[in-house]
file data.txt (compact mmCIF, C-alpha atoms and all ligand atoms)
# COMPACT_ATOMS: atom_id res chain seq x y z
CA MET A 1 -2.00 13.71 21.50
CA ILE A 2 -1.83 12.65 17.84
CA LEU A 3 0.60 14.85 15.92
CA SER A 4 2.35 12.39 13.65
CA VAL A 5 2.00 9.05 11.89
CA GLU A 6 4.37 7.67 14.52
CA ASP A 7 1.83 8.67 17.21
CA LEU A 8 -0.80 6.68 15.30
CA ARG A 9 1.58 3.73 15.10
CA GLU A 10 2.09 3.79 18.87
CA LEU A 11 -1.66 3.90 19.42
CA ALA A 12 -2.18 1.05 16.95
CA LYS A 13 0.26 -1.08 18.93
CA ARG A 14 -1.94 -0.71 21.98
CA ARG A 15 -5.23 -1.35 20.18
CA ILE A 16 -4.61 -4.51 18.16
CA PRO A 17 -2.92 -7.84 18.89
CA ARG A 18 0.76 -8.21 18.27
CA ALA A 19 0.36 -10.62 15.34
CA ILE A 20 -1.80 -8.16 13.39
CA PHE A 21 0.38 -5.15 14.23
CA ASP A 22 3.54 -6.99 13.23
CA TYR A 23 2.04 -8.09 9.91
CA ALA A 24 2.06 -4.39 8.98
CA ASP A 25 5.12 -3.29 10.91
CA GLY A 26 7.47 -5.97 9.60
CA GLY A 27 9.30 -6.91 6.46
CA ALA A 28 10.98 -9.96 4.95
CA TYR A 29 13.91 -11.89 6.48
CA GLU A 30 16.25 -9.52 8.36
CA GLU A 31 14.15 -6.49 7.32
CA ARG A 32 17.21 -4.77 5.86
CA THR A 33 15.40 -3.41 2.83
CA MET A 34 12.50 -2.25 4.97
CA ARG A 35 14.88 -0.26 7.17
CA ARG A 36 16.70 1.12 4.12
CA ASN A 37 13.46 2.58 2.79
CA SER A 38 13.19 4.84 5.83
CA ALA A 39 16.91 5.40 6.38
CA ASP A 40 17.51 6.55 2.80
CA LEU A 41 14.55 8.93 2.93
CA ASP A 42 15.85 10.29 6.25
CA ALA A 43 19.31 10.80 4.79
CA LEU A 44 18.06 13.33 2.22
CA SER A 45 18.13 17.01 3.26
CA PHE A 46 16.09 19.85 1.90
CA ARG A 47 17.42 23.14 0.67
CA GLN A 48 15.68 25.71 2.81
CA ARG A 49 14.79 28.83 0.84
CA VAL A 50 13.47 32.09 2.19
CA MET A 51 11.70 35.21 0.99
CA VAL A 52 9.68 33.49 -1.71
CA ASP A 53 5.93 34.25 -1.89
CA VAL A 54 4.36 31.05 -0.59
CA SER A 55 1.05 32.54 0.49
CA ASN A 56 -0.88 30.39 -2.00
CA ILE A 57 0.35 26.83 -1.97
CA SER A 58 -1.45 24.28 -4.12
CA LEU A 59 -1.09 20.54 -3.52
CA ALA A 60 -3.66 19.57 -6.15
CA THR A 61 -2.64 16.99 -8.74
CA SER A 62 -4.06 14.01 -10.63
CA PHE A 63 -3.41 10.29 -10.88
CA VAL A 64 -4.08 8.40 -14.12
CA GLY A 65 -6.44 11.12 -15.26
CA ALA A 66 -8.42 11.66 -12.05
CA ALA A 67 -8.04 14.74 -9.87
CA ALA A 68 -6.55 14.34 -6.40
CA SER A 69 -6.32 16.94 -3.64
CA MET A 70 -2.69 16.07 -2.95
CA PRO A 71 -0.03 13.70 -4.32
CA LEU A 72 -0.91 10.84 -1.99
CA GLY A 73 -2.87 7.62 -2.32
CA ILE A 74 -3.61 4.59 -0.19
CA ALA A 75 -1.70 1.51 -1.31
CA PRO A 76 -3.34 -1.90 -1.49
CA THR A 77 -2.71 -3.75 1.76
CA GLY A 78 -3.78 -7.26 2.65
CA LEU A 79 -5.88 -7.84 5.78
CA ALA A 80 -6.91 -4.21 6.40
CA GLY A 81 -10.22 -5.50 7.76
CA LEU A 82 -8.33 -7.23 10.57
CA PHE A 83 -6.83 -3.92 11.71
CA HIS A 84 -10.30 -2.52 12.26
CA ALA A 85 -13.73 -4.00 11.51
CA ASP A 86 -14.75 -2.99 7.96
CA GLY A 87 -11.24 -1.59 7.54
CA GLU A 88 -11.28 -1.44 3.76
CA ILE A 89 -14.64 0.36 3.71
CA LEU A 90 -13.39 2.89 6.26
CA GLY A 91 -10.15 3.39 4.35
CA ALA A 92 -12.01 4.01 1.10
CA ARG A 93 -14.36 6.46 2.81
CA ALA A 94 -11.51 8.36 4.46
CA ALA A 95 -9.63 8.59 1.17
CA ALA A 96 -12.74 9.84 -0.64
CA ALA A 97 -13.42 12.43 2.06
CA CYS A 98 -9.84 13.68 1.71
CA GLY A 99 -9.88 13.63 -2.09
CA ILE A 100 -7.21 10.99 -2.65
CA PRO A 101 -7.34 7.54 -4.30
CA PHE A 102 -7.82 4.30 -2.39
CA CYS A 103 -6.65 0.96 -3.75
CA LEU A 104 -8.40 -2.20 -2.56
CA SER A 105 -6.25 -5.33 -2.32
CA THR A 106 -7.30 -8.75 -3.59
CA MET A 107 -6.20 -10.00 -0.15
CA SER A 108 -8.68 -7.70 1.58
CA ILE A 109 -11.19 -8.79 4.19
CA CYS A 110 -14.11 -6.76 2.78
CA SER A 111 -14.80 -7.83 -0.80
CA ILE A 112 -14.92 -5.60 -3.87
CA GLU A 113 -18.72 -5.74 -3.66
CA ASP A 114 -18.74 -4.85 0.08
CA VAL A 115 -16.64 -1.75 -0.57
CA ARG A 116 -18.65 -0.76 -3.64
CA ALA A 117 -21.93 -1.03 -1.73
CA ALA A 118 -20.66 1.07 1.18
CA THR A 119 -18.91 3.90 -0.71
CA GLN A 120 -19.74 6.53 -3.33
CA GLN A 121 -16.40 7.31 -4.97
CA PRO A 122 -14.70 4.95 -7.41
CA PHE A 123 -11.67 3.12 -6.01
CA TRP A 124 -8.74 1.25 -7.56
CA PHE A 125 -8.52 -2.53 -7.38
CA GLN A 126 -5.28 -4.51 -7.06
CA GLN A 127 -4.66 -8.06 -8.23
CA TYR A 128 -1.87 -10.63 -8.55
CA LEU A 129 -1.42 -13.14 -11.34
CA MET A 130 -3.00 -16.32 -10.06
CA LYS A 131 -2.47 -19.88 -11.30
CA ASP A 132 -6.18 -19.97 -12.03
CA ARG A 133 -6.26 -17.33 -14.76
CA GLY A 134 -10.04 -17.71 -14.87
CA PHE A 135 -10.04 -16.23 -11.39
CA ASN A 136 -8.04 -13.23 -12.65
CA GLN A 137 -10.68 -12.77 -15.31
CA GLU A 138 -13.40 -13.03 -12.66
CA LEU A 139 -11.67 -10.35 -10.56
CA ILE A 140 -11.33 -8.10 -13.61
CA ASP A 141 -15.04 -8.52 -14.32
CA ARG A 142 -15.95 -7.83 -10.69
CA ALA A 143 -13.74 -4.73 -10.63
CA ALA A 144 -15.39 -3.53 -13.84
CA ALA A 145 -18.86 -4.20 -12.43
CA ALA A 146 -17.88 -2.19 -9.32
CA GLN A 147 -16.76 0.63 -11.65
CA CYS A 148 -13.23 0.62 -10.26
CA SER A 149 -11.33 3.50 -11.80
CA ALA A 150 -8.00 1.68 -12.22
CA LEU A 151 -6.60 -1.83 -12.01
CA MET A 152 -3.29 -2.24 -10.23
CA LEU A 153 -1.33 -5.38 -11.05
CA THR A 154 1.28 -6.45 -8.50
CA LEU A 155 4.41 -7.76 -10.21
CA ASP A 156 6.67 -8.57 -7.27
CA LEU A 157 4.86 -11.36 -5.46
CA GLN A 158 5.26 -14.40 -7.67
CA VAL A 159 6.79 -16.05 -4.62
CA ILE A 160 6.55 -14.66 -1.13
CA GLY A 161 9.44 -13.29 0.90
CA GLU A 162 9.45 -14.82 4.38
CA ARG A 163 8.02 -12.39 6.91
CA ARG A 164 9.45 -14.04 9.98
CA ARG A 165 7.33 -12.16 12.45
CA ASP A 166 4.18 -13.86 11.11
CA PRO A 167 5.00 -17.50 11.95
CA ARG A 168 6.67 -16.41 15.19
CA ASN A 169 3.46 -14.67 16.23
CA GLY A 170 1.26 -17.50 14.95
CA LEU A 171 -0.65 -15.24 12.52
CA THR A 172 -3.52 -17.12 10.87
CA ILE A 173 -6.36 -16.04 8.63
CA PRO A 174 -8.98 -15.95 9.98
CA PRO A 175 -7.33 -15.00 13.28
CA ARG A 176 -7.86 -17.47 16.11
CA LEU A 177 -7.91 -17.24 19.85
CA THR A 178 -5.21 -19.58 21.16
CA LEU A 179 -3.53 -20.24 24.49
CA ARG A 180 -0.49 -18.34 23.22
CA ASN A 181 -2.31 -15.16 22.25
CA ALA A 182 -5.05 -15.25 24.92
CA VAL A 183 -3.58 -12.51 27.14
CA ASP A 184 -2.69 -10.34 24.16
CA VAL A 185 -6.22 -10.62 22.74
CA ALA A 186 -8.01 -10.34 26.09
CA SER A 187 -6.29 -7.04 26.76
CA ARG A 188 -7.76 -5.69 23.50
CA PRO A 189 -11.47 -6.39 24.05
CA THR A 190 -12.77 -3.88 21.51
CA TRP A 191 -10.72 -5.47 18.76
CA ALA A 192 -11.75 -8.96 19.91
CA LEU A 193 -15.42 -8.07 19.92
CA ARG A 194 -15.43 -6.28 16.58
CA VAL A 195 -12.91 -8.29 14.58
CA LEU A 196 -12.18 -11.68 16.18
CA PHE A 197 -15.87 -12.29 16.77
CA GLY A 198 -17.05 -9.91 14.02
CA LYS A 199 -18.73 -10.84 10.77
CA ARG A 200 -15.84 -10.45 8.29
CA ARG A 201 -12.65 -12.26 9.27
CA THR A 202 -11.19 -13.82 6.17
CA PHE A 203 -10.37 -13.00 2.54
CA GLY A 204 -13.65 -11.59 1.24
CA ASN A 205 -12.66 -11.77 -2.44
CA LEU A 206 -11.30 -15.29 -2.39
CA VAL A 207 -12.97 -17.65 0.00
CA GLY A 208 -15.41 -20.00 -1.64
CA ARG A 209 -14.46 -18.75 -5.09
CA ILE A 210 -11.26 -20.60 -5.89
CA GLY A 211 -10.79 -24.31 -5.50
CA GLY A 212 -8.22 -26.04 -3.30
CA THR A 213 -8.17 -23.42 -0.60
CA SER A 214 -9.84 -25.24 2.26
CA GLY A 215 -7.51 -25.62 5.19
CA ILE A 216 -5.28 -22.74 4.07
CA ARG A 217 -4.51 -20.60 7.09
CA THR A 218 -1.45 -18.47 6.37
CA LEU A 219 -0.59 -15.89 3.79
CA ALA A 220 2.43 -17.92 2.73
CA GLU A 221 0.20 -20.93 2.02
CA TRP A 222 -2.17 -18.78 0.01
CA THR A 223 0.56 -17.36 -2.15
CA ASN A 224 2.45 -20.64 -2.53
CA THR A 225 -0.62 -22.54 -3.67
CA GLN A 226 -2.53 -19.87 -5.62
CA PHE A 227 -0.08 -17.35 -7.09
CA ASP A 228 1.54 -18.03 -10.44
CA ALA A 229 5.33 -18.28 -10.14
CA SER A 230 5.55 -18.71 -13.94
CA ALA A 231 3.95 -15.33 -14.70
CA ASN A 232 5.84 -13.16 -17.20
CA TRP A 233 5.39 -10.01 -19.31
CA ARG A 234 3.07 -11.79 -21.75
CA ASP A 235 0.69 -12.29 -18.84
CA VAL A 236 0.86 -8.58 -18.10
CA GLU A 237 -0.09 -7.95 -21.72
CA TRP A 238 -2.95 -10.42 -21.27
CA VAL A 239 -4.27 -8.39 -18.32
CA ARG A 240 -3.79 -5.23 -20.39
CA SER A 241 -5.92 -6.70 -23.17
CA ARG A 242 -8.68 -7.70 -20.75
CA TRP A 243 -8.93 -4.49 -18.75
CA PRO A 244 -10.16 -1.49 -20.74
CA GLY A 245 -9.44 1.11 -18.03
CA LYS A 246 -6.27 2.52 -16.51
CA LEU A 247 -3.60 -0.04 -15.67
CA ILE A 248 -1.03 0.53 -12.91
CA LEU A 249 1.92 -1.87 -12.54
CA LYS A 250 3.24 -2.13 -8.99
CA GLY A 251 6.54 -3.49 -7.80
CA VAL A 252 9.05 -2.03 -10.27
CA LEU A 253 12.54 -1.53 -8.81
CA ASP A 254 14.70 -1.58 -11.91
CA ALA A 255 14.96 0.76 -14.90
CA GLU A 256 14.83 -2.13 -17.38
CA ASP A 257 11.59 -3.43 -15.83
CA ALA A 258 10.18 0.09 -15.96
CA ARG A 259 10.79 0.17 -19.74
CA LEU A 260 9.18 -3.26 -20.11
CA GLY A 261 6.22 -2.02 -18.08
CA VAL A 262 5.78 0.94 -20.40
CA ALA A 263 5.98 -1.41 -23.39
CA ALA A 264 3.31 -3.65 -21.81
CA GLY A 265 0.94 -0.71 -21.82
CA ALA A 266 1.10 0.66 -18.26
CA ASP A 267 -0.60 3.97 -17.58
CA ALA A 268 1.44 4.20 -14.38
CA ILE A 269 4.04 2.18 -12.53
CA VAL A 270 4.65 2.07 -8.81
CA VAL A 271 8.30 2.07 -7.77
CA SER A 272 8.03 -0.34 -4.87
CA ASN A 273 9.88 -3.06 -3.01
CA HIS A 274 6.63 -4.09 -1.35
CA GLY A 275 7.50 -2.14 1.78
CA GLY A 276 10.61 -4.29 2.26
CA ARG A 277 8.39 -7.38 2.48
CA GLN A 278 9.83 -9.30 -0.49
CA LEU A 279 13.50 -9.26 -1.61
CA ASP A 280 15.57 -8.51 1.46
CA GLY A 281 18.75 -6.86 0.24
CA ALA A 282 16.99 -4.99 -2.55
CA PRO A 283 17.70 -1.25 -2.65
CA SER A 284 15.47 1.27 -0.98
CA THR A 285 12.85 2.67 -3.34
CA ILE A 286 14.04 6.26 -2.94
CA SER A 287 17.55 5.29 -4.05
CA VAL A 288 16.34 3.95 -7.41
CA LEU A 289 13.51 6.39 -8.06
CA GLN A 290 15.39 8.91 -10.17
CA GLU A 291 16.93 6.36 -12.55
CA ILE A 292 13.52 4.79 -13.09
CA VAL A 293 11.90 8.16 -13.75
CA ASP A 294 14.64 8.82 -16.33
CA ALA A 295 14.08 5.43 -17.97
CA VAL A 296 10.34 6.04 -18.23
CA GLY A 297 10.94 9.44 -19.78
CA GLY A 298 7.40 10.68 -19.22
CA ARG A 299 5.77 7.80 -21.11
CA CYS A 300 3.68 6.86 -18.06
CA GLU A 301 3.16 8.18 -14.55
CA VAL A 302 5.60 7.07 -11.86
CA LEU A 303 4.20 6.54 -8.37
CA PHE A 304 6.25 5.67 -5.32
CA ASP A 305 5.97 3.76 -2.06
CA GLY A 306 8.27 2.48 0.67
CA GLY A 307 8.83 4.22 3.99
CA ILE A 308 6.46 7.18 3.56
CA ARG A 309 5.58 8.38 7.06
CA SER A 310 5.27 12.13 6.60
CA GLY A 311 4.65 14.98 4.22
CA GLN A 312 8.39 15.57 4.20
CA ASP A 313 8.84 12.03 2.83
CA ILE A 314 6.25 12.73 0.12
CA ALA A 315 8.14 15.91 -0.86
CA LYS A 316 11.39 13.93 -1.18
CA ALA A 317 9.72 11.39 -3.48
CA LEU A 318 8.30 14.21 -5.61
CA ALA A 319 11.70 15.88 -5.72
CA LEU A 320 13.21 12.76 -7.26
CA GLY A 321 10.50 12.56 -9.90
CA ALA A 322 7.49 10.69 -8.48
CA ARG A 323 4.07 12.01 -9.35
CA GLY A 324 2.79 10.92 -5.97
CA ALA A 325 3.36 8.56 -3.06
CA LEU A 326 1.33 5.69 -1.66
CA ILE A 327 1.05 4.66 1.99
CA GLY A 328 0.63 1.06 3.14
CA LYS A 329 1.98 0.70 6.66
CA SER A 330 1.06 4.28 7.62
CA PHE A 331 -2.50 3.59 6.48
CA LEU A 332 -2.82 0.39 8.51
CA PHE A 333 -1.45 2.03 11.68
CA ALA A 334 -3.90 4.91 11.33
CA LEU A 335 -6.78 2.52 10.67
CA ALA A 336 -5.94 0.36 13.69
CA ALA A 337 -5.52 3.44 15.87
CA ALA A 338 -8.84 5.13 15.14
CA GLY A 339 -10.71 3.69 12.14
CA GLU A 340 -11.90 6.14 9.51
CA ALA A 341 -11.09 9.16 11.70
CA GLY A 342 -7.56 7.82 12.18
CA VAL A 343 -7.00 7.49 8.43
CA ARG A 344 -8.33 10.99 7.84
CA LYS A 345 -6.05 12.24 10.58
CA ALA A 346 -3.00 10.60 8.97
CA ILE A 347 -3.83 12.14 5.60
CA GLU A 348 -4.40 15.61 7.08
CA ILE A 349 -1.17 15.39 9.10
CA MET A 350 0.73 14.56 5.91
CA ARG A 351 -1.08 17.26 3.97
CA ASN A 352 -0.02 19.92 6.48
CA GLU A 353 3.54 18.62 6.64
CA LEU A 354 3.75 18.69 2.85
CA ARG A 355 2.34 22.21 2.69
CA VAL A 356 4.86 23.54 5.21
CA THR A 357 7.69 21.68 3.49
CA LEU A 358 6.80 23.27 0.17
CA ALA A 359 6.61 26.69 1.80
CA LEU A 360 9.99 26.40 3.47
CA THR A 361 11.66 25.13 0.33
CA GLY A 362 10.22 28.11 -1.55
CA THR A 363 7.85 26.06 -3.71
CA ALA A 364 4.35 27.28 -4.54
CA ASN A 365 2.81 24.07 -5.90
CA VAL A 366 3.55 20.38 -6.25
CA GLY A 367 4.21 20.72 -9.97
CA ALA A 368 7.17 22.97 -9.19
CA VAL A 369 8.86 20.46 -6.89
CA GLY A 370 12.08 19.11 -8.37
CA PRO A 371 15.55 17.93 -7.42
CA HIS A 372 16.45 21.56 -6.73
CA ILE A 373 14.60 21.37 -3.38
CA LEU A 374 17.15 18.81 -2.15
CA ARG A 375 20.76 19.37 -1.16
CA ARG A 376 23.16 17.18 -3.06
CA PRO A 377 25.09 14.81 -0.78
C1 LIG A 401 0.62 -8.77 0.55
O1 LIG A 401 0.79 -8.38 -0.58
C2 LIG A 401 1.56 -8.61 1.62
O2 LIG A 401 2.61 -7.97 1.42
O3 LIG A 401 1.32 -9.12 2.72
call {"tool": "encode", "arguments": {"input": "data.txt", "output": "structure tokens", "more": "lines below"}}
Ligand code: GLV
result
Amino acid sequence: MILSVEDLRELAKRRIPRAIFDYADGGAYEERTMRRNSADLDALSFRQRVMVDVSNISLATSFVGAAASMPLGIAPTGLAGLFHADGEILGARAAAACGIPFCLSTMSICSIEDVRAATQQPFWFQQYLMKDRGFNQELIDRAAAAQCSALMLTLDLQVIGERRRDPRNGLTIPPRLTLRNAVDVASRPTWALRVLFGKRRTFGNLVGRIGGTSGIRTLAEWTNTQFDASANWRDVEWVRSRWPGKLILKGVLDAEDARLGVAAGADAIVVSNHGGRQLDGAPSTISVLQEIVDAVGGRCEVLFDGGIRSGQDIAKALALGARGALIGKSFLFALAAAGEAGVRKAIEIMRNELRVTLALTGTANVGAVGPHILRRP
């Protein structure tokens, strides 16, 4: 019985090999920051209120000018197409069916063009600053040609935090059948048939398009050789000047950086520690959200990710000032568990949880959520 995102996570564990599951489930180094994301959300309590008319609850909102049925979006995640064949296409379709935004990652398996050709609704596209700035320009042009409705620039992956589960599990891209993973893979024949021996198994946006990538097999090698460790705010302004549409800056964890992001022309920022996958020892996102919202002072939208597993978590992020929350890990678990239907299920579970949470905190719509729905520690 699937009643929660955790149920989908358990199912995902049974459906896909350990190395793929752990890529989503894990974080950097000792995973302290990853655990803090969830622990600090859990530590917040709601103020239950009664006898308020909550017969008409509205979850409708908008992100960077486009309507959304609820304050939730799908974060860009690398490798989604290894969690389920055509994973990015299925994720985009599920999001569209549920009326929420989907963000495609540069490190996706299906390319921008694959997703465009297989979907109707516009999606967001994420990119990093690469050493080959011509390739950034190419991605911007491809995103524009695909009519992507926003560009999301990731700021917190100039160097990669060590995700220790990946080398321990022998994760490679494309995935390979080895003596070490043979039993693991053989006991997941559907995955093996559709993904391991399927048609799309590597980075659809990258392979064959940037030089010096032959022989690269791990995410760490990709980032170390291709991502620009010298990138700075002038480069963000460069992207701003090249992309005429909405620009979302992801990976802000400090009030000062939030101000710099606003100055660089962001339409939205995402308060994020990359799901605890980068700086281990960084604060949880929920613990810094309010100070960042204050620093931004309404000059751009503030989105949130890190540890969102339920509608209750979304409500807590809204209470501390986020306009909406993004899901990365929760999305990948749902996708691995049951493809497009799994992602729709995760979104609908969260929608119902959020609706009930609003009702029981005496709140009629998402715009009325504020710090008053939380008890002060
Ligand atoms: C990519 O951005 C990752 O966190 O693996």
call {"tool": "residues_around", "arguments": {"input": "data.txt", "residues": "A:Gly276", "least_positions_apart": "3", "cutoff": "9 Å", "atoms": "only C-alpha atoms", "output": "list in words"}}
result
Gly26, Gly27, Ala28, Glu31, Arg32, Thr33, Met34, Arg35, Arg36, Asn37, Ser272, Asn273, Leu279, Asp280, Gly281, Ala282, Ser284, Gly306 and Gly307 of chain A
call {"tool": "write_last_selection", "arguments": {"input": "data.txt", "atoms": "C-alpha atoms", "output": "CSV table (one decimal), keeping the file's coordinate frame"}}
result
chain,number,residue,atom,x,y,z
A,26,GLY,CA,7.5,-6.0,9.6
A,27,GLY,CA,9.3,-6.9,6.5
A,28,ALA,CA,11.0,-10.0,5.0
A,31,GLU,CA,14.2,-6.5,7.3
A,32,ARG,CA,17.2,-4.8,5.9
A,33,THR,CA,15.4,-3.4,2.8
A,34,MET,CA,12.5,-2.2,5.0
A,35,ARG,CA,14.9,-0.3,7.2
A,36,ARG,CA,16.7,1.1,4.1
A,37,ASN,CA,13.5,2.6,2.8
A,272,SER,CA,8.0,-0.3,-4.9
A,273,ASN,CA,9.9,-3.1,-3.0
A,279,LEU,CA,13.5,-9.3,-1.6
A,280,ASP,CA,15.6,-8.5,1.5
A,281,GLY,CA,18.8,-6.9,0.2
A,282,ALA,CA,17.0,-5.0,-2.6
A,284,SER,CA,15.5,1.3,-1.0
A,306,GLY,CA,8.3,2.5,0.7
A,307,GLY,CA,8.8,4.2,4.0
call {"tool": "residues_around", "arguments": {"input": "data.txt", "residues": "A:Gly81", "least_positions_apart": "5", "cutoff": "9 Å", "atoms": "only C-alpha atoms", "output": "number ranges by chain"}}
result
A: 86-89, 108-110, 195, 200-202
call {"tool": "residues_around", "arguments": {"input": "data.txt", "residues": "A:Gly328", "least_positions_apart": "3", "cutoff": "12 Å", "atoms": "all atoms listed in the file", "output": "PyMOL selection string"}}
result
chain A and resi 5+23-26+72-80+91+102-105+272-277+304-309+325+331-335+343+346
call {"tool": "atom_distance", "arguments": {"input": "data.txt", "atom1": "atom CA of A:Trp191", "atom2": "atom CA of A:Thr178"}}
result
15.3 Å
call {"tool": "closest_residue", "arguments": {"input": "data.txt", "among": "A:Arg351, A:Arg323, A:Lys345, A:Arg163", "to": "ligand LIG 401 (chain A)", "atoms": "all atoms listed in the file"}}
result
A:Arg163
call {"tool": "residues_around", "arguments": {"input": "data.txt", "residues": "A:Met1", "least_positions_apart": "4", "cutoff": "12 Å", "atoms": "all atoms listed in the file", "output": "list of chain:residue names"}}
result
A:Val5, A:Glu6, A:Asp7, A:Leu8, A:Glu10, A:Leu11, A:Lys345
call {"tool": "closest_residue", "arguments": {"input": "data.txt", "among": "A:Lys329, A:Arg355, A:Arg376, A:Lys246", "to": "A:Cys300", "atoms": "only C-alpha atoms"}}
result
A:Lys246
call {"tool": "closest_residue", "arguments": {"input": "data.txt", "among": "A:Leu360, A:Ala186, A:Ile173, A:Leu374", "to": "ligand LIG 401 (chain A)", "atoms": "all atoms listed in the file"}}
result
A:Ile173
call {"tool": "closest_residue", "arguments": {"input": "data.txt", "among": "A:Gly161, A:Gly208, A:Pro101, A:Gly65", "to": "ligand LIG 401 (chain A)", "atoms": "all atoms listed in the file"}}
result
A:Gly161
call {"tool": "atom_distance", "arguments": {"input": "data.txt", "atom1": "atom CA of A:Arg93", "atom2": "atom CA of A:Glu113"}}
result
14.5 Å
